[in-house]
Amino acid sequence: PIYLDYAATTPVSPEVLEAMIPYFSQHFGNSGSNQHLFGWEASDAVDQARKTISSYFSVNPSSILFTSGATESNNLALLGLLEEQTPGHIISSPLEHKAVLEPLAYLAHKGWEITYLEPNSAGEICLEQIKTAKKSDTRLVSLMWVNNEIGVINDISSIAQWCNQEGIYCHTDATQALGKLDLSQAFLPDLLSFSGHKIFGPKGIGALYVKSGIPLKARQWGGAQERGLRAGTLPIPLIVGLAKAVERIPHLLTFLPQIQVKKQDLENSLKESLGDSLIVNSISENQIPHILNFSIQGVDWEKLFRCMPLLAFSNGSACNSKSTFPSHVLKALGRDNDTALASIRISLAQPYLNEDHDWVKDYLVKSLEKLIS
Ligand code: PLP
């Protein structure tokens, strides 16, 4: 099948792979071994990677902590900052990834009060809503920079600036923003999470940016790695790969206009041929061009997913062993269960530009036309 699921994950780019290979078996040292060359080579590679990543964001190298990915970064940010404090108030949104919603649910269980701001039907949240929700004991605002299902962008720089003035901590899950928006000049919040595998880097590596002075506490104990904030031997090949992937972000950003054209073309063709059966869910004016999310009304969601075996896309349902749930994001936008279940997320990226776009469009449209007829 043709891959249309780049928001789920991306392949490791050849440049990233090439940078990683020597660190698997040639330079295999432990960066914590400070008595010999093998360790020094490894720790130099980590230092260099930290510099590359921090210079992309124009921040201090010591503010970048390596983690296993955005899930861990989010957990460390939220629990490492708040779990040991006296409970107060947090502002977030129902559109967040589970990797934020679940740690927040845990904090709620520990006595924290959480306000989930209500997005409009396009998934947008504005600063005014945050100002209104603020309470005297609001300690943190946590909002994602870009939503992974519908691609809507939050104005995190303005939100972070306001939080800064108000003395409220600000965290963002930037997993879907990195490589799709230029964050290099942005005003950053106090804490920012991301993963390597969404930007053509390896899986199992990510980072948390922690602004200096933020009183983060470890949530995992052992060795003194990562300033004592994240114990465990560092995965040098993955770290080198993450840095290479970050270094290549300016290159990724050059493809945005072409990706926008392809996505818009798919969307226009679907609108023309499916009429009222189509509900586009990714409708904000303010969204990344990579994601097209739509529902097909009046069709059985299982039939919908099976009708296009030659395309690999994602759907708006979450399954466990017993049942299938509609996407919590589409539900929060006001979609009913059937519409939320019968949804498809197509997410594009630069390698798609080499695919036969006209064939994909034709196959997509014809398969769906057949389904609704
Ligand atoms: N946050 C967002 C917005 C995501 O899209 C994802 C990945 O799907 C994650 C967090 C989790 O990333 P990882 O599985 O790499 O920890």
# chains A, B, ... in the order shown; residues from 1 in each chain; ligands from 1

$ residues_around --residues "region 148-164 of chain A" --least-positions-apart "3" --cutoff "7 Å" --atoms "only C-alpha atoms" --output "VMD selection string"
chain A and resid 7 123 to 125 127 144 to 145 167 to 170 176 186 to 189 281 to 282 284 286 to 288 291 to 293 345

$ residues_near_ligand --ligand "ligand 1" --cutoff "10 Å" --atoms "only C-alpha atoms and all ligand atoms" --output "ChimeraX atom specification"
/A:7-9,67-75,95-100,143-149,151,172-177,193-198,202-207

$ atom_distance --atom1 "CA of Gly275 (chain A)" --atom2 "CA of Ser314 (chain A)"
22.1 Å

$ residues_around --residues "Ala108 (chain A)" --least-positions-apart "6" --cutoff "12 Å" --atoms "only C-alpha atoms" --output "JSON, numbers by chain"
{"A": [78, 79, 82, 83, 87, 88, 89, 90, 91, 101, 102, 114, 115, 116]}

$ residues_around --residues "Arg335 (chain A)" --least-positions-apart "4" --cutoff "10 Å" --atoms "only C-alpha atoms" --output "PyMOL selection string"
chain A and resi 121+279+281+295+326-331+339-341

$ write_last_selection --atoms "C-alpha atoms" --output "PDB file, in the first residue's frame"
ATOM      1  CA  SER A 121     -15.987  23.150  16.074  1.00  0.00           C
ATOM      2  CA  ILE A 279     -17.664  16.014   6.578  1.00  0.00           C
ATOM      3  CA  ASN A 281     -12.928  17.554  10.291  1.00  0.00           C
ATOM      4  CA  SER A 295     -15.762  11.521   8.065  1.00  0.00           C
ATOM      5  CA  PRO A 326     -14.604   6.894  18.664  1.00  0.00           C
ATOM      6  CA  SER A 327     -11.746   9.409  18.669  1.00  0.00           C
ATOM      7  CA  HIS A 328     -11.847  11.612  21.779  1.00  0.00           C
ATOM      8  CA  VAL A 329     -10.718  14.536  19.611  1.00  0.00           C
ATOM      9  CA  LEU A 330     -13.600  14.282  17.134  1.00  0.00           C
ATOM     10  CA  LYS A 331     -16.046  13.739  20.011  1.00  0.00           C
ATOM     11  CA  THR A 339     -19.418  10.263  12.462  1.00  0.00           C
ATOM     12  CA  ALA A 340     -16.388  10.154  14.741  1.00  0.00           C
ATOM     13  CA  LEU A 341     -15.927   6.420  14.142  1.00  0.00           C
TER      14      LEU A 341
END

$ residues_around --residues "region 13-29 of chain A" --least-positions-apart "5" --cutoff "10 Å" --atoms "only C-alpha atoms" --output "ChimeraX atom specification"
/A:34,36-43,45,199-202,235-248,351

$ residues_around --residues "Glu84 (chain A)" --least-positions-apart "3" --cutoff "12 Å" --atoms "only C-alpha atoms" --output "PyMOL selection string"
chain A and resi 78-81+87-88+107+110-112+215-219

$ write_last_selection --atoms "N, CA and C atoms" --output "PDB file, in the first residue's frame"
ATOM      1  N   LEU A  78       4.933  16.963  33.313  1.00  0.00           N
ATOM      2  CA  LEU A  78       3.745  17.218  34.143  1.00  0.00           C
ATOM      3  C   LEU A  78       3.941  16.703  35.570  1.00  0.00           C
ATOM      4  N   LEU A  79       4.423  15.473  35.680  1.00  0.00           N
ATOM      5  CA  LEU A  79       4.560  14.896  37.027  1.00  0.00           C
ATOM      6  C   LEU A  79       5.816  15.422  37.717  1.00  0.00           C
ATOM      7  N   GLY A  80       6.893  15.599  36.935  1.00  0.00           N
ATOM      8  CA  GLY A  80       8.142  16.101  37.518  1.00  0.00           C
ATOM      9  C   GLY A  80       7.990  17.518  38.048  1.00  0.00           C
ATOM     10  N   LEU A  81       7.102  18.274  37.441  1.00  0.00           N
ATOM     11  CA  LEU A  81       6.892  19.649  37.906  1.00  0.00           C
ATOM     12  C   LEU A  81       5.893  19.709  39.057  1.00  0.00           C
ATOM     13  N   PRO A  87      -1.470  20.423  45.684  1.00  0.00           N
ATOM     14  CA  PRO A  87      -2.347  20.515  44.513  1.00  0.00           C
ATOM     15  C   PRO A  87      -2.956  21.900  44.303  1.00  0.00           C
ATOM     16  N   GLY A  88      -3.067  22.267  43.035  1.00  0.00           N
ATOM     17  CA  GLY A  88      -3.685  23.532  42.638  1.00  0.00           C
ATOM     18  C   GLY A  88      -4.477  23.288  41.360  1.00  0.00           C
ATOM     19  N   LEU A 107      -2.880  13.256  38.006  1.00  0.00           N
ATOM     20  CA  LEU A 107      -2.765  14.414  38.898  1.00  0.00           C
ATOM     21  C   LEU A 107      -4.126  14.774  39.502  1.00  0.00           C
ATOM     22  N   LYS A 110      -4.742  12.823  42.345  1.00  0.00           N
ATOM     23  CA  LYS A 110      -3.932  13.283  43.488  1.00  0.00           C
ATOM     24  C   LYS A 110      -4.428  14.607  44.051  1.00  0.00           C
ATOM     25  N   GLY A 111      -5.561  15.095  43.544  1.00  0.00           N
ATOM     26  CA  GLY A 111      -6.156  16.294  44.137  1.00  0.00           C
ATOM     27  C   GLY A 111      -6.053  17.549  43.296  1.00  0.00           C
ATOM     28  N   TRP A 112      -5.424  17.488  42.124  1.00  0.00           N
ATOM     29  CA  TRP A 112      -5.339  18.674  41.276  1.00  0.00           C
ATOM     30  C   TRP A 112      -6.686  18.909  40.590  1.00  0.00           C
ATOM     31  N   PRO A 215      11.618  24.186  38.341  1.00  0.00           N
ATOM     32  CA  PRO A 215      11.963  23.223  39.389  1.00  0.00           C
ATOM     33  C   PRO A 215      11.463  21.803  39.100  1.00  0.00           C
ATOM     34  N   LEU A 216      12.043  21.196  38.070  1.00  0.00           N
ATOM     35  CA  LEU A 216      11.624  19.848  37.685  1.00  0.00           C
ATOM     36  C   LEU A 216      12.283  18.817  38.597  1.00  0.00           C
ATOM     37  N   LYS A 217      11.511  17.814  38.988  1.00  0.00           N
ATOM     38  CA  LYS A 217      12.056  16.729  39.827  1.00  0.00           C
ATOM     39  C   LYS A 217      12.055  15.428  39.017  1.00  0.00           C
ATOM     40  N   ALA A 218      13.010  14.555  39.325  1.00  0.00           N
ATOM     41  CA  ALA A 218      13.079  13.268  38.617  1.00  0.00           C
ATOM     42  C   ALA A 218      11.836  12.432  38.896  1.00  0.00           C
ATOM     43  N   ARG A 219      11.431  11.636  37.914  1.00  0.00           N
ATOM     44  CA  ARG A 219      10.353  10.644  38.126  1.00  0.00           C
ATOM     45  C   ARG A 219      10.890   9.244  37.906  1.00  0.00           C
TER      46      ARG A 219
END

$ select_by_dssp --residues "region 227-329 of chain A" --states "strand (DSSP E or B)" --output "list in words"
Leu278, Ile279, Val280, Gln287, Ile291, Leu292, Asn293, Phe294, Ser295, Ile296, Leu311, Ala312, Ser314, Asn315, Ser317, Ala318, Cys319, Thr324, Phe325 and Pro326 of chain A

$ select_by_dssp --residues "region 272-329 of chain A" --states "alpha helix (DSSP H)" --output "PDB file with C-alpha atoms, in the first residue's frame"
ATOM      1  CA  GLU A 272     -16.605  17.477  -5.515  1.00  0.00           C
ATOM      2  CA  SER A 273     -17.426  13.797  -5.673  1.00  0.00           C
ATOM      3  CA  LEU A 274     -18.903  12.969  -2.270  1.00  0.00           C
ATOM      4  CA  TRP A 301     -16.868   2.447   9.840  1.00  0.00           C
ATOM      5  CA  GLU A 302     -15.574  -1.099   9.415  1.00  0.00           C
ATOM      6  CA  LYS A 303     -16.575  -1.092   5.753  1.00  0.00           C
ATOM      7  CA  LEU A 304     -14.932   2.325   5.362  1.00  0.00           C
ATOM      8  CA  PHE A 305     -11.569   1.079   6.590  1.00  0.00           C
ATOM      9  CA  ARG A 306     -11.691  -2.035   4.468  1.00  0.00           C
ATOM     10  CA  HIS A 328     -11.847  11.612  21.779  1.00  0.00           C
ATOM     11  CA  VAL A 329     -10.718  14.536  19.611  1.00  0.00           C
TER      12      VAL A 329
END

$ residues_around --residues "Ser184 (chain A)" --least-positions-apart "6" --cutoff "10 Å" --atoms "only C-alpha atoms" --output "PyMOL selection string"
chain A and resi 54-59+178+249-250
